[in-house]
file input05.cif (mmCIF, C-alpha atoms)
data_start
#
loop_
_atom_site.label_atom_id
_atom_site.label_comp_id
_atom_site.auth_asym_id
_atom_site.auth_seq_id
_atom_site.Cartn_x
_atom_site.Cartn_y
_atom_site.Cartn_z
CA MET A 1 94.13 148.37 133.27
CA LYS A 2 91.89 148.73 130.36
CA PHE A 3 91.43 145.92 127.86
CA THR A 4 91.90 146.96 124.26
CA PRO A 5 90.99 144.31 121.74
CA ARG A 6 93.62 144.02 119.03
CA GLU A 7 93.87 141.73 116.03
CA ILE A 8 97.10 139.74 115.65
CA LYS A 9 98.23 139.78 112.05
CA GLU A 10 101.39 137.65 111.99
CA ASN A 11 101.55 134.01 113.02
CA VAL A 12 104.79 132.72 114.48
CA ASN A 13 103.53 129.17 114.73
CA ILE A 14 103.56 128.53 111.01
CA SER A 15 106.67 128.18 108.86
CA GLN A 16 106.32 130.14 105.67
CA THR A 17 107.86 127.57 103.33
CA SER A 18 106.67 125.83 100.21
CA ALA A 19 105.39 122.33 100.87
CA ILE A 20 106.09 121.30 97.27
CA ARG A 21 109.71 122.35 97.57
CA GLU A 22 110.09 120.43 100.82
CA PHE A 23 108.54 117.39 99.18
CA PHE A 24 111.02 117.35 96.31
CA VAL A 25 114.03 118.07 98.48
CA LEU A 26 113.09 115.27 100.87
CA THR A 27 112.24 112.63 98.27
CA SER A 28 115.32 113.26 96.16
CA SER A 29 117.71 113.35 99.10
CA ILE A 30 116.28 110.21 100.68
CA LEU A 31 116.35 108.35 97.36
CA GLY A 32 119.89 109.55 96.76
CA ILE A 33 121.09 108.37 100.14
CA LEU A 34 119.37 105.01 99.68
CA ILE A 35 121.00 104.44 96.32
CA ALA A 36 124.38 105.53 97.70
CA ILE A 37 124.11 103.12 100.65
CA TYR A 38 122.98 100.33 98.36
CA LEU A 39 125.87 100.83 95.97
CA ALA A 40 128.35 101.12 98.82
CA LEU A 41 127.04 97.91 100.38
CA GLY A 42 127.10 96.21 97.00
CA PHE A 43 130.73 97.10 96.41
CA SER A 44 131.82 96.25 99.91
CA LEU A 45 129.97 92.98 99.52
CA ASP A 46 131.96 92.13 96.40
CA ILE A 47 135.16 92.64 98.36
CA LEU A 48 133.85 90.92 101.48
CA VAL A 49 132.47 87.85 99.73
CA ASP A 50 135.93 86.64 98.75
CA LYS A 51 137.10 87.01 102.33
CA ILE A 52 134.21 85.29 104.12
CA PRO A 53 135.78 82.29 105.90
CA LEU A 54 134.42 78.82 105.24
CA LYS A 55 133.31 78.51 108.86
CA THR A 56 130.97 81.50 108.54
CA GLU A 57 129.59 80.12 105.32
CA LYS A 58 128.84 76.81 107.01
CA LYS A 59 126.80 78.64 109.64
CA LEU A 60 124.87 80.44 106.93
CA ALA A 61 124.36 77.14 105.17
CA ASP A 62 122.86 75.57 108.28
CA PHE A 63 120.35 78.37 108.44
CA PHE A 64 119.34 77.77 104.84
CA SER A 65 119.23 73.98 104.91
CA ARG A 66 116.84 74.26 107.85
CA GLN A 67 114.46 76.20 105.60
CA PHE A 68 114.44 73.37 103.07
CA TYR A 69 113.81 69.83 104.05
CA PHE A 70 116.49 67.71 102.44
CA ASP A 71 115.48 64.09 102.19
CA LYS A 72 118.08 61.77 103.72
CA ASN A 73 116.94 58.76 101.65
CA ARG A 74 118.32 59.29 98.20
CA SER A 75 116.61 57.96 95.13
CA SER A 76 118.65 56.03 92.56
CA GLU A 77 118.31 59.07 90.33
CA GLU A 78 119.91 61.28 92.94
CA GLU A 79 122.66 58.72 93.56
CA TYR A 80 123.54 58.74 89.88
CA ILE A 81 123.66 62.52 89.64
CA GLN A 82 125.66 62.65 92.89
CA LYS A 83 128.24 60.27 91.38
CA LEU A 84 128.42 62.46 88.29
CA LEU A 85 128.96 65.49 90.52
CA ASP A 86 131.63 63.75 92.61
CA ASP A 87 133.53 62.88 89.42
CA LEU A 88 133.45 66.54 88.42
CA VAL A 89 134.56 67.70 91.87
CA ALA A 90 137.49 65.25 91.70
CA ASN A 91 138.75 67.30 88.74
CA MET A 92 138.35 70.52 90.68
CA PRO A 93 141.30 71.46 92.91
CA GLU A 94 139.44 74.51 94.26
CA ALA A 95 136.74 72.34 95.88
CA SER A 96 136.74 73.15 99.57
CA TYR A 97 133.66 71.36 100.84
CA LYS A 98 131.30 68.51 100.09
CA PHE A 99 128.68 69.07 97.42
CA ASN A 100 125.26 67.45 97.64
CA VAL A 101 122.68 67.06 94.92
CA HIS A 102 118.97 67.31 95.66
CA ILE A 103 116.21 66.75 93.16
CA VAL A 104 113.31 69.14 93.68
CA PRO A 105 109.93 68.64 92.05
CA ALA A 106 109.36 71.89 90.14
CA LYS A 107 108.07 72.92 86.73
CA GLU A 108 110.73 75.56 86.14
CA THR A 109 113.71 74.29 84.16
CA ASN A 110 116.50 75.36 86.44
CA ALA A 111 119.19 74.41 88.94
CA PHE A 112 120.35 76.37 91.99
CA ALA A 113 123.50 76.73 94.04
CA PHE A 114 122.68 77.09 97.74
CA PRO A 115 125.18 77.93 100.49
CA GLY A 116 126.89 74.92 102.00
CA GLY A 117 127.27 73.08 98.68
CA HIS A 118 123.64 72.10 98.24
CA ILE A 119 122.86 71.94 94.53
CA LEU A 120 119.16 71.85 93.79
CA VAL A 121 118.10 70.37 90.45
CA ASN A 122 114.50 70.71 89.33
CA THR A 123 112.69 67.69 87.92
CA ALA A 124 111.73 69.72 84.84
CA LEU A 125 115.42 70.13 84.02
CA ILE A 126 116.06 66.40 84.23
CA GLU A 127 113.15 65.82 81.85
CA GLU A 128 114.86 67.91 79.21
CA ILE A 129 118.36 66.50 79.52
CA GLY A 130 119.49 64.32 76.58
CA SER A 131 122.95 63.07 77.52
CA GLU A 132 125.29 62.63 80.45
CA ASN A 133 127.58 65.33 79.08
CA GLU A 134 124.70 67.76 79.07
CA LEU A 135 123.87 67.01 82.70
CA SER A 136 127.54 67.34 83.65
CA MET A 137 127.63 70.75 81.99
CA VAL A 138 124.72 71.94 84.12
CA LEU A 139 126.31 70.61 87.32
CA ALA A 140 129.69 72.08 86.40
CA HIS A 141 127.99 75.40 85.78
CA GLU A 142 126.63 75.38 89.34
CA LEU A 143 130.07 74.42 90.64
CA GLY A 144 131.38 77.45 88.79
CA HIS A 145 129.04 79.61 90.86
CA TYR A 146 130.58 78.18 94.04
CA VAL A 147 134.10 78.84 92.85
CA HIS A 148 133.26 82.49 92.21
CA ARG A 149 131.18 82.54 95.41
CA ASP A 150 128.18 83.89 93.51
CA HIS A 151 125.83 82.02 95.84
CA LEU A 152 127.00 84.29 98.69
CA ARG A 153 126.99 87.42 96.57
CA GLY A 154 123.39 87.00 95.55
CA LEU A 155 122.43 86.30 99.12
CA GLY A 156 124.18 89.39 100.46
CA ARG A 157 122.47 91.74 98.06
CA GLY A 158 119.13 90.17 98.77
CA LEU A 159 119.78 90.59 102.46
CA VAL A 160 120.65 94.28 102.02
CA LEU A 161 117.41 94.88 100.15
CA THR A 162 115.31 93.12 102.75
CA VAL A 163 116.83 95.18 105.53
CA PHE A 164 116.13 98.41 103.64
CA SER A 165 112.54 97.65 102.88
CA ILE A 166 111.60 96.62 106.40
CA PHE A 167 113.40 99.38 108.26
CA LEU A 168 112.43 102.42 106.25
CA PHE A 169 108.97 102.02 104.83
CA GLY A 170 107.62 98.79 106.25
CA ASN A 171 107.05 95.51 104.48
CA ASP A 172 104.03 96.27 102.36
CA SER A 173 104.77 99.80 101.19
CA GLU A 174 104.28 100.26 97.43
CA VAL A 175 107.21 102.67 97.25
CA THR A 176 109.56 100.11 98.76
CA GLN A 177 108.41 97.38 96.48
CA PHE A 178 108.99 99.59 93.46
CA LEU A 179 112.46 100.45 94.74
CA MET A 180 113.18 96.78 95.25
CA ARG A 181 112.19 95.94 91.71
CA VAL A 182 114.42 98.66 90.26
CA LEU A 183 117.39 97.69 92.42
CA LEU A 184 116.87 94.00 91.85
CA THR A 185 117.17 94.31 88.08
CA THR A 186 120.64 95.81 88.44
CA ASP A 187 121.40 92.80 90.59
CA LEU A 188 120.28 90.53 87.78
CA ARG A 189 122.66 92.30 85.45
CA PHE A 190 125.47 91.41 87.78
CA SER A 191 124.27 87.86 87.76
CA ARG A 192 124.40 87.67 83.98
CA ARG A 193 128.10 88.45 84.08
CA GLN A 194 128.50 85.81 86.75
CA GLU A 195 126.61 83.30 84.60
CA ALA A 196 129.10 83.86 81.80
CA PHE A 197 131.96 83.20 84.22
CA ALA A 198 130.28 80.03 85.41
CA ASP A 199 129.78 78.85 81.82
CA ALA A 200 133.46 79.28 81.02
CA PHE A 201 134.42 77.45 84.20
CA ALA A 202 131.99 74.62 83.46
CA LEU A 203 133.46 74.18 79.99
CA GLU A 204 136.94 73.79 81.40
CA LEU A 205 135.75 71.27 83.98
CA LEU A 206 133.84 69.31 81.35
CA ASN A 207 136.98 69.09 79.25
CA LYS A 208 138.98 67.86 82.23
CA LYS A 209 136.49 65.09 82.94
CA TYR A 210 135.70 63.77 79.48
CA GLY A 211 138.72 65.01 77.55
CA HIS A 212 136.30 66.76 75.17
CA VAL A 213 133.37 69.15 75.40
CA ALA A 214 130.61 67.42 73.40
CA GLY A 215 127.09 68.37 74.50
CA ALA A 216 128.18 71.54 76.27
CA ALA A 217 125.69 73.79 74.49
CA ASP A 218 122.94 71.15 74.20
CA PHE A 219 121.01 72.35 77.21
CA PHE A 220 120.76 75.90 75.91
CA LYS A 221 119.77 74.63 72.47
CA HIS A 222 116.89 72.72 74.06
CA ARG A 223 115.86 75.75 76.04
CA MET A 224 115.94 77.96 72.96
CA ASP A 225 113.61 75.59 71.13
CA LYS A 226 111.25 75.40 74.09
CA GLU A 227 110.71 79.06 74.79
CA LYS A 228 110.80 81.91 72.37
CA CYS A 229 111.97 84.72 74.56
CA PRO A 230 111.13 88.20 73.30
CA ARG A 231 114.12 90.47 72.88
CA ILE A 232 112.72 92.98 75.38
CA MET A 233 112.98 90.43 78.17
CA LYS A 234 116.72 90.26 77.77
CA TYR A 235 117.37 92.96 80.35
CA PHE A 236 115.21 91.33 83.00
CA SER A 237 116.46 87.80 82.49
CA THR A 238 118.90 86.26 84.98
CA HIS A 239 120.60 84.07 82.44
CA PRO A 240 121.97 85.68 79.29
CA LEU A 241 119.81 84.85 76.29
CA TYR A 242 120.39 81.27 75.21
CA ALA A 243 121.61 82.23 71.74
CA ASP A 244 124.22 84.49 73.32
CA ARG A 245 125.33 81.72 75.62
CA ILE A 246 125.59 79.16 72.83
CA SER A 247 127.73 81.51 70.76
CA MET A 248 129.85 82.30 73.81
CA ILE A 249 130.41 78.59 74.48
CA ASN A 250 131.27 77.92 70.84
CA GLY A 251 133.67 80.88 70.84
CA GLU A 252 135.30 79.57 74.01
CA ILE A 253 135.68 76.08 72.44
CA LEU A 254 137.46 77.59 69.43
CA LYS A 255 139.65 79.84 71.56
CA LYS A 256 140.82 77.14 73.95
CA GLY A 257 140.99 74.49 71.21
CA TYR A 258 138.76 71.98 73.01
CA LYS A 259 137.95 68.73 71.19
CA VAL A 260 134.41 67.54 70.54
CA GLY A 261 134.04 63.79 71.01
CA GLU A 262 131.28 61.23 71.44
CA LYS A 263 128.44 61.99 73.85
CA VAL A 264 127.79 59.55 76.72
CA PRO A 265 124.14 58.49 76.95
CA LEU A 266 122.23 58.93 80.20
CA ALA A 267 122.20 56.07 82.68
CA PRO A 268 118.94 54.07 82.96
CA GLU A 269 118.48 55.44 86.49
CA ILE A 270 117.14 58.66 85.04
CA LYS A 271 113.42 58.19 84.71
CA LYS A 272 111.56 60.13 82.09
CA SER A 273 107.83 60.60 82.30
CA GLU A 274 107.55 60.64 78.51
CA SER A 275 109.77 59.44 75.68
CA PRO A 276 112.65 61.88 75.21
CA SER A 277 111.93 64.27 72.40
CA GLY A 278 115.56 65.40 72.12
CA MET B 1 102.83 96.30 85.58
CA ASP B 2 101.36 96.37 89.08
CA ILE B 3 104.12 98.47 90.52
CA ILE B 4 103.74 101.24 87.94
CA ILE B 5 99.97 101.35 88.54
CA ASN B 6 100.44 101.48 92.30
CA LEU B 7 102.95 104.26 91.95
CA LEU B 8 100.66 106.21 89.63
CA ILE B 9 97.80 105.90 92.12
CA ILE B 10 100.01 107.26 94.88
CA LEU B 11 101.16 110.11 92.67
CA LEU B 12 97.60 110.95 91.67
CA LEU B 13 96.47 110.90 95.29
CA LEU B 14 99.35 113.16 96.23
CA VAL B 15 98.54 115.70 93.52
CA ALA B 16 94.81 115.67 94.30
CA ALA B 17 95.44 115.92 98.04
CA TYR B 18 97.86 118.78 97.54
CA PHE B 19 95.47 120.96 95.54
CA LEU B 20 92.35 120.09 97.53
CA GLY B 21 94.16 120.42 100.83
CA THR B 22 95.63 123.80 99.96
CA ALA B 23 92.27 125.16 98.80
CA ILE B 24 90.46 123.90 101.90
CA GLU B 25 93.13 125.27 104.19
CA LYS B 26 92.99 128.69 102.55
CA SER B 27 89.21 129.04 102.87
CA ASN B 28 89.40 127.69 106.41
CA TYR B 29 91.90 130.35 107.42
CA GLU B 30 89.74 133.08 105.89
CA LYS B 31 86.75 131.93 107.93
CA ILE B 32 88.79 131.70 111.12
CA GLN B 33 90.11 135.24 110.68
CA LYS B 34 86.64 136.59 110.03
CA ARG B 35 85.21 134.94 113.13
CA GLU B 36 88.16 135.98 115.26
CA LYS B 37 87.31 139.59 114.41
CA GLU B 38 83.72 139.00 115.53
CA PHE B 39 84.83 137.68 118.92
CA LEU B 40 87.52 140.30 119.47
CA ASN B 41 85.52 141.91 122.30
CA LEU B 42 85.38 138.69 124.31
CA PRO B 43 88.90 138.20 125.70
CA ALA B 44 90.15 134.79 126.73
CA VAL B 45 93.08 135.00 129.17
CA THR B 46 95.24 132.42 130.93
CA SER B 47 95.41 134.18 134.31
CA LYS B 48 93.28 132.75 137.10
CA ASN B 49 92.05 136.13 138.30
CA ILE B 50 92.48 139.67 137.22
CA GLU B 51 93.10 142.83 139.18
CA ALA B 52 90.22 145.18 139.77
CA MET B 53 87.82 142.34 139.44
CA GLN B 54 84.32 143.59 139.17
CA ASP B 55 81.43 142.01 141.01
CA ILE B 56 80.63 138.68 139.42
CA LEU B 57 77.18 137.57 138.44
CA SER B 58 78.06 134.08 137.23
CA ALA B 59 81.09 131.90 136.52
CA GLU B 60 81.01 128.59 134.72
CA ILE B 61 83.14 126.30 132.59
CA VAL B 62 83.08 126.68 128.81
CA MET B 63 84.66 124.33 126.28
CA GLY B 64 85.43 124.28 122.59
CA SER B 65 86.63 121.11 120.96
CA ILE B 66 87.58 120.12 117.42
CA VAL B 67 88.81 116.93 115.81
CA VAL B 68 90.98 117.43 112.74
CA SER B 69 92.76 115.22 110.27
CA ILE B 70 95.54 115.92 107.80
CA ASP B 71 95.50 115.46 104.03
CA TYR B 72 97.35 112.64 102.26
CA PHE B 73 100.03 114.89 100.82
CA LYS B 74 100.97 116.40 104.16
CA ARG B 75 100.95 113.02 105.83
CA PHE B 76 103.27 111.68 103.14
CA LEU B 77 105.53 114.68 103.66
CA ALA B 78 105.56 114.06 107.40
CA GLY B 79 106.41 110.42 106.72
CA LEU B 80 109.43 111.46 104.70
CA ARG B 81 110.39 113.91 107.45
CA ASN B 82 110.18 111.04 109.90
CA ILE B 83 113.14 109.37 108.21
CA VAL B 84 115.55 112.31 108.33
CA GLY B 85 114.18 114.21 111.31
CA GLY B 86 113.58 117.93 111.76
CA ARG B 87 110.55 120.15 111.93
CA ILE B 88 107.39 118.64 110.56
CA LYS B 89 106.27 121.87 108.97
CA SER B 90 103.35 120.28 107.18
CA TYR B 91 101.63 119.64 110.52
CA GLU B 92 102.07 123.20 111.81
CA THR B 93 99.15 124.77 109.97
CA LEU B 94 96.89 121.92 110.99
CA LEU B 95 97.64 122.37 114.68
CA ASP B 96 97.39 126.15 114.38
CA ARG B 97 93.99 125.92 112.74
CA GLY B 98 92.87 123.38 115.34
CA ARG B 99 93.80 125.58 118.29
CA ARG B 100 92.23 128.71 116.85
CA GLU B 101 89.06 126.88 115.91
CA ALA B 102 88.82 125.40 119.42
CA ILE B 103 89.12 128.89 120.97
CA LEU B 104 86.45 130.19 118.62
CA ARG B 105 84.04 127.43 119.58
CA MET B 106 84.73 128.05 123.25
CA LYS B 107 84.08 131.76 122.79
CA GLU B 108 80.90 130.97 120.91
CA SER B 109 79.52 129.00 123.82
CA ALA B 110 80.70 131.71 126.28
CA LYS B 111 78.98 134.41 124.29
CA ALA B 112 75.74 132.43 124.32
CA LYS B 113 76.01 132.46 128.12
CA GLY B 114 76.48 136.22 128.07
CA ALA B 115 80.06 136.12 129.39
CA ASP B 116 82.30 139.19 129.52
CA ILE B 117 85.62 137.42 129.85
CA ILE B 118 87.06 133.89 129.86
CA LEU B 119 89.58 133.30 132.65
CA ASN B 120 92.10 130.50 133.21
CA MET B 121 91.95 129.27 129.62
CA ARG B 122 93.83 125.98 128.90
CA PHE B 123 94.46 123.67 125.95
CA GLU B 124 94.44 119.92 125.73
CA THR B 125 95.71 118.12 122.64
CA SER B 126 95.44 114.39 122.10
CA ALA B 127 95.97 112.03 119.19
CA ILE B 128 93.02 109.90 118.17
CA GLY B 129 93.11 106.63 116.26
CA VAL B 130 96.82 106.78 115.58
CA VAL B 131 98.64 103.49 115.30
CA THR B 132 102.21 104.29 114.41
CA GLN B 133 103.51 102.95 111.11
CA LYS B 134 100.45 100.85 110.55
CA LYS B 135 98.67 100.92 107.25
CA GLY B 136 95.11 102.19 107.23
CA SER B 137 95.28 104.04 110.51
CA ILE B 138 93.69 107.49 110.52
CA GLY B 139 95.99 110.18 111.83
CA CYS B 140 93.85 112.79 113.54
CA PHE B 141 93.80 114.63 116.80
CA GLU B 142 91.52 116.59 119.09
CA VAL B 143 92.17 120.08 120.41
CA LEU B 144 90.15 121.07 123.44
CA ALA B 145 90.13 124.64 124.73
CA TYR B 146 88.46 125.29 128.07
CA GLY B 147 88.21 128.07 130.62
CA THR B 148 85.94 129.84 133.06
CA ALA B 149 83.39 132.14 131.50
CA VAL B 150 82.75 135.08 133.83
CA GLN B 151 79.82 137.44 133.65
CA TYR B 152 80.10 140.74 135.52
CA LYS B 153 77.30 142.40 137.40
CA LYS B 154 76.16 145.35 135.35
#

call {"tool": "encode", "arguments": {"input": "input05.cif", "output": "structure tokens"}}
result
Amino acid sequence: MKFTPREIKENVNISQTSAIREFFVLTSSILGILIAIYLALGFSLDILVDKIPLKTEKKLADFFSRQFYFDKNRSSEEEYIQKLLDDLVANMPEASYKFNVHIVPAKETNAFAFPGGHILVNTALIEEIGSENELSMVLAHELGHYVHRDHLRGLGRGLVLTVFSIFLFGNDSEVTQFLMRVLLTTDLRFSRRQEAFADAFALELLNKKYGHVAGAADFFKHRMDKEKCPRIMKYFSTHPLYADRISMINGEILKKGYKVGEKVPLAPEIKKSESPSG
Amino acid sequence: MDIIINLLIILLLLVAAYFLGTAIEKSNYEKIQKREKEFLNLPAVTSKNIEAMQDILSAEIVMGSIVVSIDYFKRFLAGLRNIVGGRIKSYETLLDRGRREAILRMKESAKAKGADIILNMRFETSAIGVVTQKKGSIGCFEVLAYGTAVQYKK
């Protein structure tokens, strides 16, 4: 057998395809599938949330209350707000569990509805409050979130996002974080609709308790004076712009024919670090 | 915004890696083909012995080894492929180049020893410095070609 050297021209080990084409096909299909799954989960969540039994929610709540340390010894401030809340809940036939108020030291003017009926009120919010009616409105607004089960909805979507980011790209991937930002803003848009629902609910509850709705829009008026929010931020903001909310509340008052009576001043239990500026 | 800047950096890296990587690969292939022609008269076979073996003057081991890494673009592409599965085509050329280069280096050392043929040629491939899914790990691997360089009695 004689050896004849021969050059091999073709190469069967290499696929003759365009890498660029593969790149675009892969990225677009993966993105598409991700968005489809996210939307599907979002919709199924909306249906599921209304059907989640109270028992399951309690379990979830335990998990969350373990993350936050809730002080057992209540301050007189907390007691007062708790009494206010209990009065509101007494007017609420939908109430299915006990609601607890917790005051949290934080600079952000906000209140939160956590699973299990834990309502967190920031100290900065209390600083700004001018009347009892105003405080009741804020609490009633949070109660509205519970009635519409928004606290679970927000949680579910957040959970879906977390699962995505960790499983596919890892925690610290830039691509994932960008995706999360984009998807999260659509979530915030949902929330804005939910905020409007909660506002309407709060107004009704306020009317039931006091027989009138004085001070309902006060909180948003204070907020509007405090921060001048540029128009461009509207899309990214959780709460609808304050001006929009004030006009919505006023429209609702006219529509339902609520009365506007005398405001009740805050109890002396509420300590202010500086003299109230109004 | 941080996210936009991060995304732009990734995109820029991808574009740069694509063009640089393609150019380097093309010139690399040209060199490999040219050298393969040079070594055409030194066969490397996988059989342990051949019929009509001539009288042997010397026989010793020869090796050719290369460590290669992949460009950012192709690694990104492979990462995407990892999610859906299928052939990781972007790695094919890298492995092909690695194997051919390893053979060429082996032949080079055999030729320096005055060999007429390389018998019982084998490949070893191993990943180096790869930590799966961890950021900052360098994905590269070594291809080792080895065989027995045989010199006939003339």

call {"tool": "atom_distance", "arguments": {"input": "input05.cif", "atom1": "atom CA of Lys111 of chain B", "atom2": "atom CA of Leu95 of chain B"}}
result
24.2 Å

call {"tool": "residues_around", "arguments": {"input": "input05.cif", "residues": "Ser126 of chain B", "least_positions_apart": "3", "cutoff": "12 Å", "atoms": "all atoms listed in the file", "output": "ChimeraX atom specification"}}
result
/B:65-68,95,98-99,123,129-130,139-145

call {"tool": "resolve_selection", "arguments": {"input": "input05.cif", "expression": "the PyMOL selection byres ((chain B and resi 37) around 12)", "output": "list in words"}}
result
Pro5, Arg6, Glu7, Ile8 and Lys9 of chain A; Glu30, Lys31, Ile32, Gln33, Lys34, Arg35, Glu36, Glu38, Phe39, Leu40, Asn41, Leu42, Pro43, Leu104 and Lys107 of chain B

call {"tool": "write_last_selection", "arguments": {"input": "input05.cif", "atoms": "C-alpha atoms", "output": "mmCIF file, keeping the file's coordinate frame"}}
result
data_model
loop_
_atom_site.group_PDB
_atom_site.id
_atom_site.type_symbol
_atom_site.label_atom_id
_atom_site.label_comp_id
_atom_site.auth_asym_id
_atom_site.auth_seq_id
_atom_site.Cartn_x
_atom_site.Cartn_y
_atom_site.Cartn_z
ATOM 1 C CA PRO A 5 90.990 144.310 121.740
ATOM 2 C CA ARG A 6 93.620 144.020 119.030
ATOM 3 C CA GLU A 7 93.870 141.730 116.030
ATOM 4 C CA ILE A 8 97.100 139.740 115.650
ATOM 5 C CA LYS A 9 98.230 139.780 112.050
ATOM 6 C CA GLU B 30 89.740 133.080 105.890
ATOM 7 C CA LYS B 31 86.750 131.930 107.930
ATOM 8 C CA ILE B 32 88.790 131.700 111.120
ATOM 9 C CA GLN B 33 90.110 135.240 110.680
ATOM 10 C CA LYS B 34 86.640 136.590 110.030
ATOM 11 C CA ARG B 35 85.210 134.940 113.130
ATOM 12 C CA GLU B 36 88.160 135.980 115.260
ATOM 13 C CA GLU B 38 83.720 139.000 115.530
ATOM 14 C CA PHE B 39 84.830 137.680 118.920
ATOM 15 C CA LEU B 40 87.520 140.300 119.470
ATOM 16 C CA ASN B 41 85.520 141.910 122.300
ATOM 17 C CA LEU B 42 85.380 138.690 124.310
ATOM 18 C CA PRO B 43 88.900 138.200 125.700
ATOM 19 C CA LEU B 104 86.450 130.190 118.620
ATOM 20 C CA LYS B 107 84.080 131.760 122.790
#

call {"tool": "resolve_selection", "arguments": {"input": "input05.cif", "expression": "the PyMOL selection byres ((chain A and resi 247) around 12)", "output": "list in words"}}
result
Ala196, Asp199, Ala200, Ala216, Ala217, Asp218, Phe220, Lys221, Pro240, Leu241, Tyr242, Ala243, Asp244, Arg245, Ile246, Met248, Ile249, Asn250, Gly251, Glu252, Ile253 and Leu254 of chain A

call {"tool": "resolve_selection", "arguments": {"input": "input05.cif", "expression": "the PyMOL selection byres ((chain B) within 10 of (chain A))", "output": "VMD selection string"}}
result
chain B and resid 2 to 7 10 18 22 33 36 to 37 39 to 43 50 to 52 73 to 74 76 to 84 87 to 96 133 to 135

call {"tool": "residues_around", "arguments": {"input": "input05.cif", "residues": "segment 123-137 of chain A", "least_positions_apart": "3", "cutoff": "9 Å", "atoms": "only C-alpha atoms", "output": "VMD selection string"}}
result
chain A and resid 81 84 to 85 88 103 to 111 140 to 142 199 202 to 203 205 to 206 210 213 to 219 222 to 223 263 to 267 270 to 274 276 to 278

call {"tool": "closest_residue", "arguments": {"input": "input05.cif", "among": "B:Ala149, B:Val45, B:Leu12, B:Ile70", "to": "Arg97 of chain B", "atoms": "only C-alpha atoms"}}
result
B:Ile70

call {"tool": "atom_distance", "arguments": {"input": "input05.cif", "atom1": "atom CA of Asp55 of chain B", "atom2": "atom CA of Tyr152 of chain B"}}
result
5.8 Å

call {"tool": "axis_aligned_box", "arguments": {"input": "input05.cif", "around": "segment 85-99 of chain B", "padding_each_side": "8 Å", "output": "JSON"}}
result
{"center_x": 103.5, "center_y": 120.2, "center_z": 112.7, "size_x": 37.3, "size_y": 27.9, "size_z": 27.1}

call {"tool": "atom_distance", "arguments": {"input": "input05.cif", "atom1": "atom CA of Ser44 of chain A", "atom2": "atom CA of Lys58 of chain A"}}
result
20.9 Å
